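The file model27.cif contains mmCIF, C-alpha atoms:
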```cif
data_data
#
loop_
_atom_site.group_PDB
_atom_site.id
_atom_site.type_symbol
_atom_site.label_atom_id
_atom_site.label_comp_id
_atom_site.auth_asym_id
_atom_site.auth_seq_id
_atom_site.Cartn_x
_atom_site.Cartn_y
_atom_site.Cartn_z
ATOM 1 C CA MET U 92 25.539 -7.333 -15.101
ATOM 2 C CA HIS U 93 22.826 -6.406 -12.582
ATOM 3 C CA GLU U 94 20.759 -9.601 -12.783
ATOM 4 C CA LYS U 95 20.419 -9.779 -8.998
ATOM 5 C CA SER U 96 19.117 -6.201 -8.807
ATOM 6 C CA VAL U 97 16.628 -6.841 -11.613
ATOM 7 C CA ALA U 98 15.362 -9.930 -9.781
ATOM 8 C CA LEU U 99 14.955 -7.948 -6.548
ATOM 9 C CA LEU U 100 13.235 -5.076 -8.338
ATOM 10 C CA ASN U 101 10.814 -7.514 -10.008
ATOM 11 C CA GLN U 102 10.120 -9.190 -6.672
ATOM 12 C CA ALA U 103 9.245 -5.751 -5.299
ATOM 13 C CA ILE U 104 6.931 -5.122 -8.264
ATOM 14 C CA GLY U 105 5.090 -8.363 -7.479
ATOM 15 C CA ASP U 106 4.656 -7.310 -3.867
ATOM 16 C CA GLU U 107 3.523 -3.818 -4.849
ATOM 17 C CA LEU U 108 0.993 -5.217 -7.344
ATOM 18 C CA THR U 109 -0.403 -7.425 -4.592
ATOM 19 C CA ALA U 110 -0.661 -4.375 -2.338
ATOM 20 C CA VAL U 111 -2.450 -2.327 -5.030
ATOM 21 C CA HIS U 112 -5.006 -5.084 -5.582
ATOM 22 C CA GLN U 113 -5.518 -5.636 -1.856
ATOM 23 C CA TYR U 114 -5.868 -1.936 -1.021
ATOM 24 C CA MET U 115 -8.324 -1.329 -3.844
ATOM 25 C CA TYR U 116 -10.371 -4.329 -2.694
ATOM 26 C CA TRP U 117 -10.512 -2.823 0.807
ATOM 27 C CA HIS U 118 -11.223 0.632 -0.628
ATOM 28 C CA PHE U 119 -14.309 -0.733 -2.427
ATOM 29 C CA HIS U 120 -15.575 -2.481 0.706
ATOM 30 C CA CYS U 121 -14.962 0.468 3.048
ATOM 31 C CA ASP U 122 -16.680 2.762 0.565
ATOM 32 C CA ASP U 123 -19.620 0.362 0.357
ATOM 33 C CA GLN U 124 -19.897 0.320 4.166
ATOM 34 C CA GLY U 125 -19.839 4.136 4.349
ATOM 35 C CA PHE U 126 -16.360 4.440 5.874
ATOM 36 C CA ASP U 127 -15.120 7.279 3.679
ATOM 37 C CA LEU U 128 -11.982 8.117 5.674
ATOM 38 C CA LEU U 129 -10.701 4.546 5.536
ATOM 39 C CA ALA U 130 -11.834 4.066 1.931
ATOM 40 C CA GLY U 131 -9.836 7.166 0.991
ATOM 41 C CA LEU U 132 -6.791 5.989 2.927
ATOM 42 C CA PHE U 133 -6.779 2.619 1.166
ATOM 43 C CA LYS U 134 -7.238 4.297 -2.233
ATOM 44 C CA ARG U 135 -4.428 6.823 -1.646
ATOM 45 C CA THR U 136 -2.106 4.043 -0.502
ATOM 46 C CA ALA U 137 -2.928 1.997 -3.614
ATOM 47 C CA ILE U 138 -2.071 4.971 -5.803
ATOM 48 C CA GLU U 139 1.244 5.466 -3.986
ATOM 49 C CA GLU U 140 2.016 1.773 -4.460
ATOM 50 C CA MET U 141 1.316 2.195 -8.195
ATOM 51 C CA LEU U 142 3.872 4.991 -8.254
ATOM 52 C CA HIS U 143 6.350 2.613 -6.577
ATOM 53 C CA ILE U 144 5.737 0.108 -9.376
ATOM 54 C CA GLU U 145 6.480 2.798 -11.933
ATOM 55 C CA ARG U 146 9.774 3.732 -10.252
ATOM 56 C CA LEU U 147 10.812 0.094 -9.925
ATOM 57 C CA ALA U 148 9.953 -0.603 -13.580
ATOM 58 C CA GLU U 149 11.909 2.433 -14.758
ATOM 59 C CA ARG U 150 14.961 1.169 -12.854
ATOM 60 C CA ILE U 151 14.597 -2.319 -14.339
ATOM 61 C CA LEU U 152 14.418 -0.894 -17.847
ATOM 62 C CA PHE U 153 17.461 1.275 -17.184
ATOM 63 C CA LEU U 154 19.320 -1.890 -16.178
ATOM 64 C CA LYS U 155 18.164 -3.480 -19.476
ATOM 65 C CA GLY U 156 16.008 -6.009 -17.653
ATOM 66 C CA GLU U 157 12.493 -7.248 -18.336
ATOM 67 C CA VAL U 158 9.667 -5.949 -16.164
ATOM 68 C CA GLU U 159 7.558 -8.785 -14.731
ATOM 69 C CA MET U 160 4.039 -7.587 -13.899
ATOM 70 C CA VAL U 161 2.877 -10.528 -11.797
ATOM 71 C CA ALA U 162 1.297 -10.055 -8.378
ATOM 72 C CA SER U 163 3.002 -12.162 -5.723
ATOM 73 C CA ASP U 164 -0.233 -13.149 -3.924
ATOM 74 C CA PRO U 165 -3.981 -13.157 -4.559
ATOM 75 C CA VAL U 166 -6.331 -10.715 -2.848
ATOM 76 C CA LYS U 167 -7.483 -11.820 0.596
ATOM 77 C CA LYS U 168 -11.266 -11.511 0.894
ATOM 78 C CA GLU U 169 -11.310 -9.644 4.195
ATOM 79 C CA THR U 170 -14.082 -7.134 4.892
ATOM 80 C CA ASP U 171 -13.822 -6.622 8.673
ATOM 81 C CA VAL U 172 -12.260 -3.187 9.209
ATOM 82 C CA LYS U 173 -10.081 -4.153 12.170
ATOM 83 C CA ASN U 174 -8.697 -7.147 10.269
ATOM 84 C CA MET U 175 -8.128 -4.974 7.185
ATOM 85 C CA LEU U 176 -6.111 -2.472 9.213
ATOM 86 C CA GLU U 177 -4.092 -5.185 10.953
ATOM 87 C CA MET U 178 -3.321 -6.837 7.626
ATOM 88 C CA ALA U 179 -2.398 -3.497 6.035
ATOM 89 C CA ALA U 180 -0.058 -2.614 8.900
ATOM 90 C CA GLY U 181 1.558 -6.039 8.618
ATOM 91 C CA MET U 182 1.970 -5.710 4.847
ATOM 92 C CA GLU U 183 3.658 -2.334 5.215
ATOM 93 C CA GLN U 184 5.931 -3.543 8.008
ATOM 94 C CA ASN U 185 6.971 -6.571 5.933
ATOM 95 C CA SER U 186 7.623 -4.388 2.886
ATOM 96 C CA ALA U 187 9.849 -2.047 4.884
ATOM 97 C CA GLN U 188 11.860 -5.018 6.175
ATOM 98 C CA ASP U 189 12.099 -6.586 2.709
ATOM 99 C CA TYR U 190 13.170 -3.319 1.079
ATOM 100 C CA ASN U 191 15.834 -2.765 3.740
ATOM 101 C CA ARG U 192 17.215 -6.227 2.976
ATOM 102 C CA MET U 193 17.009 -5.601 -0.774
ATOM 103 C CA ALA U 194 18.829 -2.288 -0.392
ATOM 104 C CA MET U 195 21.689 -4.075 1.355
ATOM 105 C CA GLU U 196 21.825 -6.753 -1.344
ATOM 106 C CA CYS U 197 22.004 -4.095 -4.059
ATOM 107 C CA ALA U 198 24.834 -2.373 -2.174
ATOM 108 C CA GLN U 199 26.733 -5.676 -2.022
ATOM 109 C CA ASN U 200 26.325 -5.956 -5.801
ATOM 110 C CA ALA U 201 27.635 -2.429 -6.475
ATOM 111 C CA ASP U 202 24.246 -1.002 -7.490
ATOM 112 C CA SER U 203 23.938 2.155 -5.425
ATOM 113 C CA GLN U 204 20.988 3.579 -7.402
ATOM 114 C CA SER U 205 18.802 0.529 -6.802
ATOM 115 C CA LYS U 206 19.926 0.622 -3.161
ATOM 116 C CA GLN U 207 18.824 4.257 -2.925
ATOM 117 C CA LEU U 208 15.463 3.468 -4.556
ATOM 118 C CA PHE U 209 14.782 0.708 -2.028
ATOM 119 C CA GLU U 210 15.772 3.038 0.835
ATOM 120 C CA GLU U 211 13.299 5.649 -0.430
ATOM 121 C CA LEU U 212 10.588 2.993 -0.617
ATOM 122 C CA VAL U 213 11.331 1.995 2.994
ATOM 123 C CA ALA U 214 10.471 5.539 4.091
ATOM 124 C CA ASP U 215 7.142 5.408 2.227
ATOM 125 C CA GLU U 216 6.255 1.977 3.613
ATOM 126 C CA GLU U 217 7.058 3.107 7.163
ATOM 127 C CA ARG U 218 4.800 6.139 6.677
ATOM 128 C CA HIS U 219 2.013 3.849 5.419
ATOM 129 C CA TYR U 220 2.543 1.575 8.428
ATOM 130 C CA ASP U 221 2.220 4.574 10.740
ATOM 131 C CA GLN U 222 -1.064 5.597 9.095
ATOM 132 C CA TYR U 223 -2.585 2.131 9.542
ATOM 133 C CA ASP U 224 -1.224 1.841 13.076
ATOM 134 C CA THR U 225 -2.861 5.188 13.932
ATOM 135 C CA GLU U 226 -6.180 3.989 12.511
ATOM 136 C CA LEU U 227 -5.900 0.796 14.579
ATOM 137 C CA ASP U 228 -5.254 2.928 17.676
ATOM 138 C CA ASN U 229 -8.325 5.054 16.878
ATOM 139 C CA LEU U 230 -10.447 1.953 16.434
ATOM 140 C CA GLY U 231 -9.131 0.549 19.706
ATOM 141 C CA ARG U 232 -9.826 3.757 21.625
ATOM 142 C CA PHE U 233 -13.202 4.628 20.146
ATOM 143 C CA GLY U 234 -14.464 1.217 19.016
ATOM 144 C CA ALA U 235 -17.530 1.008 16.831
ATOM 145 C CA ASP U 236 -18.170 4.715 17.483
ATOM 146 C CA TYR U 237 -15.152 5.530 15.325
ATOM 147 C CA LEU U 238 -16.683 3.748 12.343
ATOM 148 C CA ALA U 239 -20.187 5.041 13.092
ATOM 149 C CA LEU U 240 -18.903 8.631 12.981
ATOM 150 C CA GLN U 241 -17.483 8.050 9.500
ATOM 151 C CA SER U 242 -20.785 6.601 8.320
ATOM 152 C CA ILE U 243 -22.785 9.445 9.895
ATOM 153 C CA GLU U 244 -20.498 12.060 8.326
ATOM 154 C CA ARG U 245 -21.038 10.483 4.914
ATOM 155 C CA ALA U 246 -24.807 10.497 5.361
ATOM 156 C CA ARG U 247 -24.714 14.129 6.539
ATOM 157 C CA THR U 248 -22.552 15.207 3.611
ATOM 158 C CA ARG U 249 -24.599 13.351 0.996
ATOM 159 C CA GLY U 250 -27.861 14.488 2.554
ATOM 160 C CA ALA U 251 -26.785 18.136 2.272
ATOM 161 C CA GLN U 252 -26.180 17.871 -1.469
ATOM 162 C CA THR U 253 -28.799 19.309 -3.776
ATOM 163 C CA PRO U 254 -30.177 16.879 -6.330
ATOM 164 C CA ALA U 255 -29.020 17.385 -9.883
ATOM 165 C CA GLU U 256 -31.609 19.003 -12.107
#
```
Output the file's structure in the form of structure tokens.
Amino acid sequence: MHEKSVALLNQAIGDELTAVHQYMYWHFHCDDQGFDLLAGLFKRTAIEEMLHIERLAERILFLKGEVEMVASDPVKKETDVKNMLEMAAGMEQNSAQDYNRMAMECAQNADSQSKQLFEELVADEERHYDQYDTELDNLGRFGADYLALQSIERARTRGAQTPAE
């Protein structure tokens, strides 16, 4: 009955899985470079994307569909912070556009609950976009100093810790 909605929901799961993998990859690299603020942002976004997968899967199961857990794209091996942020902003912007379109398709197929779910996801993706856009602005305004401050703060914080006995 809701085959089209199930297909759209599974497509969204594939995109969200790709996002989780990509954001965790960037989290690891930012953490390794000492950029704690950005590492934390990528990790938090990945966790939110995992929660999106859960909501999408629950809806698929309610519709008596099969959940397909296949990422839509492989991880891109990008470790330059500016490129990471540009890619992340682009991913979030594309997701918001896709989910808007998917919401309309669900409405046309008389599936108002899936439509509502996609609309809620649009709000999250737009918030994520805004976070990455803000970080890009900060990087543009402050340049390498912005990243250096994150690295210095990490060194200061870790240096102040007492060694475990």
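Picture a line from atom CA of U:Leu129 to atom CA of U:Asn185; it runs 20.9 Å.
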Identify the residues around (-4.6, -5.7, 10.0) within a radius of 12 Å, measuring from all atoms listed in the file in the coordinates stated by the file, and give them as an mmCIF file with C-alpha atoms, keeping the file's coordinate frame.
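The result, written out as result.cif:
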```
data_model
loop_
_atom_site.group_PDB
_atom_site.id
_atom_site.type_symbol
_atom_site.label_atom_id
_atom_site.label_comp_id
_atom_site.auth_asym_id
_atom_site.auth_seq_id
_atom_site.Cartn_x
_atom_site.Cartn_y
_atom_site.Cartn_z
ATOM 1 C CA GLN U 113 -5.518 -5.636 -1.856
ATOM 2 C CA TYR U 114 -5.868 -1.936 -1.021
ATOM 3 C CA TRP U 117 -10.512 -2.823 0.807
ATOM 4 C CA LYS U 167 -7.483 -11.820 0.596
ATOM 5 C CA GLU U 169 -11.310 -9.644 4.195
ATOM 6 C CA THR U 170 -14.082 -7.134 4.892
ATOM 7 C CA ASP U 171 -13.822 -6.622 8.673
ATOM 8 C CA VAL U 172 -12.260 -3.187 9.209
ATOM 9 C CA LYS U 173 -10.081 -4.153 12.170
ATOM 10 C CA ASN U 174 -8.697 -7.147 10.269
ATOM 11 C CA MET U 175 -8.128 -4.974 7.185
ATOM 12 C CA LEU U 176 -6.111 -2.472 9.213
ATOM 13 C CA GLU U 177 -4.092 -5.185 10.953
ATOM 14 C CA MET U 178 -3.321 -6.837 7.626
ATOM 15 C CA ALA U 179 -2.398 -3.497 6.035
ATOM 16 C CA ALA U 180 -0.058 -2.614 8.900
ATOM 17 C CA GLY U 181 1.558 -6.039 8.618
ATOM 18 C CA MET U 182 1.970 -5.710 4.847
ATOM 19 C CA GLU U 183 3.658 -2.334 5.215
ATOM 20 C CA GLN U 184 5.931 -3.543 8.008
ATOM 21 C CA TYR U 220 2.543 1.575 8.428
ATOM 22 C CA GLN U 222 -1.064 5.597 9.095
ATOM 23 C CA TYR U 223 -2.585 2.131 9.542
ATOM 24 C CA ASP U 224 -1.224 1.841 13.076
ATOM 25 C CA THR U 225 -2.861 5.188 13.932
ATOM 26 C CA GLU U 226 -6.180 3.989 12.511
ATOM 27 C CA LEU U 227 -5.900 0.796 14.579
ATOM 28 C CA ASP U 228 -5.254 2.928 17.676
ATOM 29 C CA LEU U 230 -10.447 1.953 16.434
#
```
Residues near U:Phe119, anyone? I mean within 12 Å using all atoms listed in the file, not counting same-chain ones fewer than 3 positions away, as an NGL selection string. :U and (112-116 or 122-127 or 129-134 or 137 or 168-170)
Pull out every residue that the PyMOL selection byres ((chain U and resi 208) around 12) matches in the shown coordinates and put them as an mmCIF file with C-alpha atoms, in the coordinates of the input.
```
data_model
loop_
_atom_site.group_PDB
_atom_site.id
_atom_site.type_symbol
_atom_site.label_atom_id
_atom_site.label_comp_id
_atom_site.auth_asym_id
_atom_site.auth_seq_id
_atom_site.Cartn_x
_atom_site.Cartn_y
_atom_site.Cartn_z
ATOM 1 C CA SER U 96 19.117 -6.201 -8.807
ATOM 2 C CA LEU U 99 14.955 -7.948 -6.548
ATOM 3 C CA LEU U 100 13.235 -5.076 -8.338
ATOM 4 C CA ALA U 103 9.245 -5.751 -5.299
ATOM 5 C CA HIS U 143 6.350 2.613 -6.577
ATOM 6 C CA ILE U 144 5.737 0.108 -9.376
ATOM 7 C CA GLU U 145 6.480 2.798 -11.933
ATOM 8 C CA ARG U 146 9.774 3.732 -10.252
ATOM 9 C CA LEU U 147 10.812 0.094 -9.925
ATOM 10 C CA ALA U 148 9.953 -0.603 -13.580
ATOM 11 C CA GLU U 149 11.909 2.433 -14.758
ATOM 12 C CA ARG U 150 14.961 1.169 -12.854
ATOM 13 C CA ILE U 151 14.597 -2.319 -14.339
ATOM 14 C CA TYR U 190 13.170 -3.319 1.079
ATOM 15 C CA ASN U 191 15.834 -2.765 3.740
ATOM 16 C CA MET U 193 17.009 -5.601 -0.774
ATOM 17 C CA ALA U 194 18.829 -2.288 -0.392
ATOM 18 C CA MET U 195 21.689 -4.075 1.355
ATOM 19 C CA CYS U 197 22.004 -4.095 -4.059
ATOM 20 C CA ALA U 198 24.834 -2.373 -2.174
ATOM 21 C CA ASP U 202 24.246 -1.002 -7.490
ATOM 22 C CA SER U 203 23.938 2.155 -5.425
ATOM 23 C CA GLN U 204 20.988 3.579 -7.402
ATOM 24 C CA SER U 205 18.802 0.529 -6.802
ATOM 25 C CA LYS U 206 19.926 0.622 -3.161
ATOM 26 C CA GLN U 207 18.824 4.257 -2.925
ATOM 27 C CA PHE U 209 14.782 0.708 -2.028
ATOM 28 C CA GLU U 210 15.772 3.038 0.835
ATOM 29 C CA GLU U 211 13.299 5.649 -0.430
ATOM 30 C CA LEU U 212 10.588 2.993 -0.617
ATOM 31 C CA VAL U 213 11.331 1.995 2.994
ATOM 32 C CA ALA U 214 10.471 5.539 4.091
ATOM 33 C CA ASP U 215 7.142 5.408 2.227
#
```
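Taking only C-alpha atoms into account, U:Ile104 lies nearest to U:Met141 out of the set U:Ile243, U:Leu152, U:Met141, U:Ala201.
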Enclose all atoms of stretch 106-115 of chain U listed in the file in an axis-aligned box, grow every side by 3 Å, and hand back centre and edge lengths in Å to one decimal, as AutoDock Vina command-line options.
```
--center_x -1.8 --center_y -4.4 --center_z -4.2 --size_x 19.0 --size_y 12.1 --size_z 12.3
```
